[in-house]
Structures are given as structure tokens and as C-alpha cells.
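Undergrad: Below is a structure I'd like to ask you about.
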Amino acid sequence: SGGLDGTDHGGDPMDCCAAHPEAGCGDNEVAACVCKQEASCCAFAWDVTCVELADQCGGCDPATGDGTTSGSTGGPMDVCCEPSNQPGCAEDPELEACVCALDEFCCANEWDGQCVDAAQRACGLQCNVVPGGDCCTANGTPGCDEPPVQECVCDLDPYCCNNEWDGLCVSEAQYACGDECGLPPPNMGDCCMPQPAPGCEDPAVTDCTCMINGGCCLFPWNDECIQIAVTACGIMCEGVDPLSPCCLPSMSPGCGDMMVEDCVCAFDPFCCDNEWDGQCVDEAQMDCMVDCG
């Protein structure tokens, strides 16, 4: 989609496999694959999430993001795998510089779990993750004690193995990976009301909503799911007004509002020629004054 000009910026600054503050990356094919999944990568900055997606799109060697840090082999770098309430990770200045270029908080405040995650995703740090406690309990440590469940969850949500196994990891264990955790059954309750489990009682509304936001079938059915259901899936809920259709991604070109289409597609023809993806939604809000709440 838009945001990719095909220019060869040269060197590492636009490396698809290294985070950088500019939008997009130097390989148009990889960038298109990534930005179809995460529009912000081509609208704002190429962050650690974009790097991870670039790897999944086949654009990165598995070893490192930018070739400067090869990962932990024991010794001082292992300390960088541990969150700390102190800023930075002085044991490896090169790794520290890489992470803090992405997230200044890590060197200005503390080396927390997100800093460790960034170090692994974008800067080549390799941490040996020891499985934690019960997969059905938010155990405060990375991973859990059932390898098949852990592998399934962490493929969906690397945070669960890189940082800690929190409540969302437990939800993913039951609702996406088949573990019996005693959480409420999915697909129950009024579609117009928040639910403690994914989905709602109308299968058609649930399927329609989850096609737009897959989290509505993994996590509790929340106000965002209700808003999507009202806007795109044909239900009426008291007190919930539909958003502009231009606020929701679609696999079809355009969004049905000619004024918005004319504005967005003037600088991003992909949105009217191919599909109205997440980046088109971002552009509608940022550049064409569409209120998506």
C-alpha cells in the first residue's frame, strides 16, 4: 500500500530486519507483506513488531536483525535477558545502544521486560527461556509447563515466552490452543454487551466481527468488538452509533464514502485499486479527517 516509494536508501537505515524511525523499509516486497498485516509499519515507524513480521515474510536471516549483534552465548549478555529496575544493560554496550535507539525509556528509566523483548526481536539477543508454571495461571514468569500449549501460545504472542505468562496468555491457552483452564465458554451472551469470554451468542455476528478483528475471538468481547459488530455486521445496539465504514479494513477496494476515497486514494491508489487495508484506515484518520473514535 502507500508509503513505499521504492527508493534505495542504501545501507542499514532502511533495513527491513532492523527497527528504524522511518516508515517502511528498503525491500518493497517485504514491506508490502508486512504492512498488509500491520499498517502502522508503513505509516509511522518500522519498529520491532515490523521487524518480527519481516522475518515471518521471509525477509530476514534468523540470526540477527542488522548483523551487529549475534545473541547471547553465555556470560555478560545473559544479564541483558533479565528485566531490571536500573536503566540500560551496560554489560553489552552495543546491544544497549541498539535497544535504546528504539526505546529511550530503556536507557533513561529502566531495563524492563519490553526492553528485553526489543533486544530479542530487533537486536539479536538470544535468551534461553525456562518454562514457568501452570499454563492456566498468570504465573509472572516466561512460558508455562505444557510445551505444546506454550509453543502454540507463543507463536501467537511472543510476549508470553519473552516476558511473562500473563492473563492474556491464559486466555490464548484456552481459546486458541485448546487448554482447559476453566474460563467462561466462548460465544455466549448478548452481542451488545461486553462478555468475559470471546465471541457472543450470534454465530454470524461473531464470525463477521472476528474477520475484522481476530482478537474478538481470542480475548473478552469488549466495546471495540461491539462497535465493529454495529458498524459492519448488521446489529443494532442501544447507545452505540456505527462508525464510518472507512474506519474498518476490508479486502475490497474503497470504503463506500466517495469523499474519503477521493482524499485517501489521491495519494494511495492501492486503497481504491486493491483493498481498503489497515493502512488506508490510518490514512483516512490522519490525513482525511475521518473520526474513527
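Naming scheme: A, B, ... for chains in displayed order of the C-alpha cells; residues 1 onward per chain; ligands 1 onward as shown.
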If we count only C-alpha atoms and set the cut-off at 10 Å, which residues sit around segment 175-188 of chain A, ignoring sequence neighbours fewer than 4 positions away in its own chain? Please answer as a tab-separated table (two decimals) with all heavy atoms, in the first residue's frame.
TA:
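For reference, selection-v6.tsv as written:
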chain	number	residue	atom	x	y	z
A	134	ASP	N	1.98	-23.12	35.78
A	134	ASP	CA	0.75	-23.61	35.19
A	134	ASP	C	0.33	-22.73	34.01
A	134	ASP	O	0.25	-21.51	34.13
A	134	ASP	CB	-0.33	-23.60	36.28
A	134	ASP	CG	-1.64	-24.20	35.82
A	134	ASP	OD1	-1.73	-24.63	34.66
A	134	ASP	OD2	-2.59	-24.20	36.63
A	135	CYS	N	0.01	-23.36	32.88
A	135	CYS	CA	-0.41	-22.61	31.70
A	135	CYS	C	-1.75	-21.91	31.92
A	135	CYS	O	-2.09	-20.99	31.17
A	135	CYS	CB	-0.53	-23.54	30.50
A	135	CYS	SG	1.03	-24.28	29.95
A	136	CYS	N	-2.51	-22.35	32.89
A	136	CYS	CA	-3.83	-21.76	33.16
A	136	CYS	C	-3.78	-20.71	34.25
A	136	CYS	O	-4.82	-20.28	34.75
A	136	CYS	CB	-4.82	-22.86	33.53
A	136	CYS	SG	-5.27	-23.93	32.13
A	137	THR	N	-2.58	-20.31	34.64
A	137	THR	CA	-2.42	-19.30	35.68
A	137	THR	C	-1.44	-18.24	35.23
A	137	THR	O	-0.40	-18.56	34.64
A	137	THR	CB	-1.88	-19.95	36.98
A	137	THR	OG1	-2.77	-20.99	37.39
A	137	THR	CG2	-1.78	-18.92	38.09
A	146	GLU	N	3.49	-26.72	29.98
A	146	GLU	CA	2.99	-27.67	28.98
A	146	GLU	C	3.56	-27.27	27.63
A	146	GLU	O	3.06	-26.34	26.99
A	146	GLU	CB	1.47	-27.66	28.94
A	146	GLU	CG	0.80	-28.12	30.23
A	146	GLU	CD	-0.72	-28.05	30.12
A	146	GLU	OE1	-1.26	-28.67	29.17
A	146	GLU	OE2	-1.35	-27.39	30.94
A	148	PRO	N	3.41	-28.19	24.43
A	148	PRO	CA	2.56	-27.94	23.24
A	148	PRO	C	1.73	-26.66	23.39
A	148	PRO	O	1.57	-25.91	22.42
A	148	PRO	CB	1.67	-29.18	23.17
A	148	PRO	CG	2.40	-30.24	23.94
A	148	PRO	CD	3.10	-29.50	25.04
A	149	VAL	N	1.20	-26.43	24.60
A	149	VAL	CA	0.41	-25.22	24.82
A	149	VAL	C	1.31	-24.00	24.75
A	149	VAL	O	0.97	-22.98	24.13
A	149	VAL	CB	-0.30	-25.28	26.19
A	149	VAL	CG1	-1.02	-23.96	26.49
A	149	VAL	CG2	-1.29	-26.44	26.23
A	150	GLN	N	2.48	-24.09	25.38
A	150	GLN	CA	3.41	-22.97	25.34
A	150	GLN	C	3.79	-22.62	23.91
A	150	GLN	O	3.79	-21.44	23.52
A	150	GLN	CB	4.67	-23.31	26.13
A	150	GLN	CG	5.75	-22.22	26.05
A	150	GLN	CD	7.00	-22.61	26.80
A	150	GLN	OE1	7.09	-22.42	28.00
A	150	GLN	NE2	7.98	-23.15	26.08
A	151	GLU	N	4.10	-23.62	23.09
A	151	GLU	CA	4.51	-23.35	21.71
A	151	GLU	C	3.38	-22.70	20.93
A	151	GLU	O	3.59	-21.74	20.17
A	151	GLU	CB	4.92	-24.66	21.04
A	151	GLU	CG	5.39	-24.48	19.60
A	151	GLU	CD	5.86	-25.78	18.97
A	151	GLU	OE1	5.84	-26.82	19.66
A	151	GLU	OE2	6.23	-25.75	17.78
A	152	CYS	N	2.16	-23.21	21.12
A	152	CYS	CA	1.00	-22.66	20.42
A	152	CYS	C	0.77	-21.21	20.80
A	152	CYS	O	0.61	-20.33	19.94
A	152	CYS	CB	-0.24	-23.50	20.74
A	152	CYS	SG	-1.79	-22.82	20.10
A	153	VAL	N	0.77	-20.92	22.10
A	153	VAL	CA	0.51	-19.56	22.57
A	153	VAL	C	1.60	-18.60	22.12
A	153	VAL	O	1.34	-17.49	21.65
A	153	VAL	CB	0.37	-19.53	24.11
A	153	VAL	CG1	0.34	-18.10	24.64
A	153	VAL	CG2	-0.90	-20.27	24.53
A	156	LEU	N	1.56	-17.24	18.71
A	156	LEU	CA	0.60	-16.14	18.57
A	156	LEU	C	1.08	-14.88	19.26
A	156	LEU	O	0.88	-13.77	18.76
A	156	LEU	CB	-0.75	-16.55	19.19
A	156	LEU	CG	-1.53	-17.67	18.54
A	156	LEU	CD1	-2.71	-18.05	19.44
A	156	LEU	CD2	-2.03	-17.26	17.17
A	169	CYS	N	-2.19	-14.43	28.06
A	169	CYS	CA	-1.61	-15.72	27.66
A	169	CYS	C	-2.51	-16.87	28.10
A	169	CYS	O	-2.68	-17.86	27.36
A	169	CYS	CB	-0.21	-15.88	28.27
A	169	CYS	SG	0.93	-14.52	27.93
A	170	VAL	N	-3.08	-16.75	29.28
A	170	VAL	CA	-4.02	-17.77	29.76
A	170	VAL	C	-5.23	-17.85	28.84
A	170	VAL	O	-5.69	-18.94	28.47
A	170	VAL	CB	-4.44	-17.48	31.21
A	170	VAL	CG1	-5.53	-18.46	31.65
A	170	VAL	CG2	-3.24	-17.56	32.15
A	171	SER	N	-5.76	-16.68	28.44
A	171	SER	CA	-6.89	-16.66	27.52
A	171	SER	C	-6.54	-17.34	26.21
A	171	SER	O	-7.32	-18.14	25.67
A	171	SER	CB	-7.33	-15.21	27.25
A	171	SER	OG	-7.87	-14.61	28.39
A	195	GLN	N	-18.55	-9.17	27.25
A	195	GLN	CA	-18.57	-10.53	27.79
A	195	GLN	C	-17.18	-10.89	28.31
A	195	GLN	O	-16.18	-10.42	27.78
A	195	GLN	CB	-19.00	-11.53	26.71
A	195	GLN	CG	-20.29	-11.21	25.99
A	195	GLN	CD	-21.49	-11.23	26.93
A	195	GLN	OE1	-21.48	-11.94	27.93
A	195	GLN	NE2	-22.51	-10.45	26.60
A	196	PRO	N	-17.10	-11.74	29.33
A	196	PRO	CA	-15.78	-12.13	29.86
A	196	PRO	C	-15.03	-13.10	28.97
A	196	PRO	O	-13.85	-13.37	29.21
A	196	PRO	CB	-16.14	-12.78	31.20
A	196	PRO	CG	-17.52	-13.30	31.01
A	196	PRO	CD	-18.21	-12.32	30.11
A	197	ALA	N	-15.70	-13.64	27.96
A	197	ALA	CA	-15.08	-14.59	27.04
A	197	ALA	C	-15.19	-14.06	25.61
A	197	ALA	O	-15.94	-13.12	25.35
A	197	ALA	CB	-15.77	-15.95	27.17
A	198	PRO	N	-14.48	-14.65	24.68
A	198	PRO	CA	-14.59	-14.20	23.29
A	198	PRO	C	-15.96	-14.51	22.69
A	198	PRO	O	-16.66	-15.42	23.12
A	198	PRO	CB	-13.50	-15.02	22.57
A	198	PRO	CG	-12.62	-15.56	23.63
A	198	PRO	CD	-13.48	-15.71	24.83
A	199	GLY	N	-16.29	-13.77	21.64
A	199	GLY	CA	-17.49	-14.04	20.89
A	199	GLY	C	-18.77	-13.68	21.61
A	199	GLY	O	-18.77	-13.21	22.76
A	200	CYS	N	-19.90	-13.88	20.93
A	200	CYS	CA	-21.22	-13.63	21.53
A	200	CYS	C	-22.18	-14.69	21.00
A	200	CYS	O	-21.79	-15.57	20.22
A	200	CYS	CB	-21.69	-12.21	21.22
A	200	CYS	SG	-22.08	-11.91	19.47
A	201	GLU	N	-23.43	-14.61	21.38
A	201	GLU	CA	-24.36	-15.70	21.15
A	201	GLU	C	-24.81	-15.85	19.69
A	201	GLU	O	-25.38	-16.88	19.33
A	201	GLU	CB	-25.59	-15.52	22.03
A	201	GLU	CG	-26.38	-14.25	21.73
A	201	GLU	CD	-27.49	-14.01	22.73
A	201	GLU	OE1	-27.68	-14.88	23.61
A	201	GLU	OE2	-28.17	-12.97	22.65
A	202	ASP	N	-24.58	-14.85	18.86
A	202	ASP	CA	-24.97	-14.93	17.45
A	202	ASP	C	-23.75	-15.35	16.62
A	202	ASP	O	-22.82	-14.56	16.45
A	202	ASP	CB	-25.49	-13.57	16.98
A	202	ASP	CG	-26.08	-13.62	15.59
A	202	ASP	OD1	-25.51	-14.30	14.72
A	202	ASP	OD2	-27.12	-12.96	15.35
A	203	PRO	N	-23.73	-16.57	16.09
A	203	PRO	CA	-22.54	-17.03	15.36
A	203	PRO	C	-22.19	-16.16	14.16
A	203	PRO	O	-21.01	-15.94	13.88
A	203	PRO	CB	-22.93	-18.46	14.92
A	203	PRO	CG	-24.01	-18.87	15.87
A	203	PRO	CD	-24.75	-17.62	16.22
A	206	THR	N	-20.56	-13.01	15.43
A	206	THR	CA	-19.22	-13.36	15.93
A	206	THR	C	-18.25	-13.55	14.77
A	206	THR	O	-17.15	-13.00	14.76
A	206	THR	CB	-19.28	-14.64	16.78
A	206	THR	OG1	-20.12	-14.41	17.92
A	206	THR	CG2	-17.90	-15.03	17.26
A	217	CYS	N	-12.20	-13.02	18.97
A	217	CYS	CA	-12.37	-14.46	19.15
A	217	CYS	C	-11.25	-15.08	19.98
A	217	CYS	O	-11.17	-16.30	20.11
A	217	CYS	CB	-12.46	-15.16	17.80
A	217	CYS	SG	-14.09	-15.01	17.04
A	218	LEU	N	-10.38	-14.24	20.55
A	218	LEU	CA	-9.32	-14.72	21.43
A	218	LEU	C	-9.42	-14.14	22.83
A	218	LEU	O	-8.98	-14.76	23.79
A	218	LEU	CB	-7.94	-14.35	20.86
A	218	LEU	CG	-7.42	-15.17	19.68
A	218	LEU	CD1	-6.07	-14.63	19.24
A	218	LEU	CD2	-7.29	-16.64	20.06
A	219	PHE	N	-9.95	-12.95	22.93
A	219	PHE	CA	-9.99	-12.22	24.19
A	219	PHE	C	-11.43	-11.83	24.51
A	219	PHE	O	-12.33	-12.04	23.70
A	219	PHE	CB	-9.10	-10.97	24.10
A	219	PHE	CG	-7.70	-11.27	23.64
A	219	PHE	CD1	-7.21	-10.74	22.47
A	219	PHE	CD2	-6.88	-12.11	24.36
A	219	PHE	CE1	-5.93	-11.01	22.03
A	219	PHE	CE2	-5.59	-12.41	23.93
A	219	PHE	CZ	-5.12	-11.85	22.76
A	220	PRO	N	-11.68	-11.28	25.69
A	220	PRO	CA	-13.06	-10.91	26.03
A	220	PRO	C	-13.72	-10.02	24.97
A	220	PRO	O	-13.08	-9.18	24.35
A	220	PRO	CB	-12.88	-10.16	27.36
A	220	PRO	CG	-11.67	-10.79	27.98
A	220	PRO	CD	-10.75	-11.07	26.82
A	221	TRP	N	-14.99	-10.25	24.79
A	221	TRP	CA	-15.82	-9.46	23.85
A	221	TRP	C	-16.03	-8.08	24.47
A	221	TRP	O	-16.79	-7.91	25.41
A	221	TRP	CB	-17.14	-10.18	23.65
A	221	TRP	CG	-18.09	-9.58	22.66
A	221	TRP	CD1	-19.12	-8.73	22.92
A	221	TRP	CD2	-18.12	-9.83	21.25
A	221	TRP	NE1	-19.78	-8.41	21.78
A	221	TRP	CE2	-19.19	-9.08	20.72
A	221	TRP	CE3	-17.35	-10.60	20.39
A	221	TRP	CZ2	-19.51	-9.08	19.37
A	221	TRP	CZ3	-17.66	-10.61	19.04
A	221	TRP	CH2	-18.73	-9.85	18.54
Undergrad: With DSSP run on the backbone, what are the strand (DSSP E or B) residues within segment 7-253 of chain A? I'd like them as a ChimeraX atom specification.
TA: /A:20,46,195,221,250
Undergrad: Give me, as a list in words, all polymer residues having an atom no more than 8 Å from segment 28-35 of chain A, counting only C-alpha atoms and skipping those fewer than 4 positions away in the same chain.
TA: Ser1, Leu4, Gly6, Cys16, Gly24, Ala39, Ser40, Cys41, Cys42, Cys50, Leu53, Ala54, Cys57, Gly58, Gly59 and Gln279 of chain A
Undergrad: Which residue out of A:Ala138, A:Met251, A:Cys192, A:Ala266 has the minimum interatomic distance to Glu224 of chain A when only C-alpha atoms are used?
TA: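 Checking each of A:Ala138, A:Met251, A:Cys192, A:Ala266 against Glu224 of chain A, counting only C-alpha atoms, the winner is A:Cys192.
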Undergrad: Using Å and a single decimal, report how far atom CA of Cys98 of chain A sits from atom CA of Ala18 of chain A.
TA: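 These two atoms are separated by 9.3 Å.
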Undergrad: Using only C-alpha atoms, which residue out of A:Asp27, A:Met236, A:Val116, A:Cys107 lies closest to Ala90 of chain A?
TA: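 Using only C-alpha atoms, the shortest distance to Ala90 of chain A belongs to A:Cys107.
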Undergrad: Leaving out Gly234 of chain A and any residue of its chain fewer than 4 positions from it, which residues lie within 8 Å of it when counting only C-alpha atoms, given as a ChimeraX atom specification?
TA: /A:205,229-230
Undergrad: Rank nothing, just name the residue among A:Glu104, A:Asp15, A:Glu82, A:Glu91 nearest to Cys60 of chain A, using only C-alpha atoms.
TA: A:Asp15
Undergrad: Using only C-alpha atoms, which residue out of A:Leu243, A:Leu248, A:Met289, A:Cys225 lies closest to Val260 of chain A?
TA: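 Residue with the minimum atom-to-atom distance to Val260 of chain A: A:Met289.
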Undergrad: Distance atom CA of Ala122 of chain A-atom CA of Glu52 of chain A, one decimal place?
TA: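 Result for atom CA of Ala122 of chain A versus atom CA of Glu52 of chain A: 7.6 Å, one decimal.
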Undergrad: Counting only C-alpha atoms, which residue out of A:Leu95, A:Cys115, A:Cys288, A:Ile228 sits closest to Met211 of chain A?
TA: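 Of all the options, A:Ile228 lies closest to Met211 of chain A.
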Undergrad: What does the distance between atom CA of Gly26 of chain A and atom CA of Gly278 of chain A come to in Å, to one decimal place?
TA: 20.4 Å
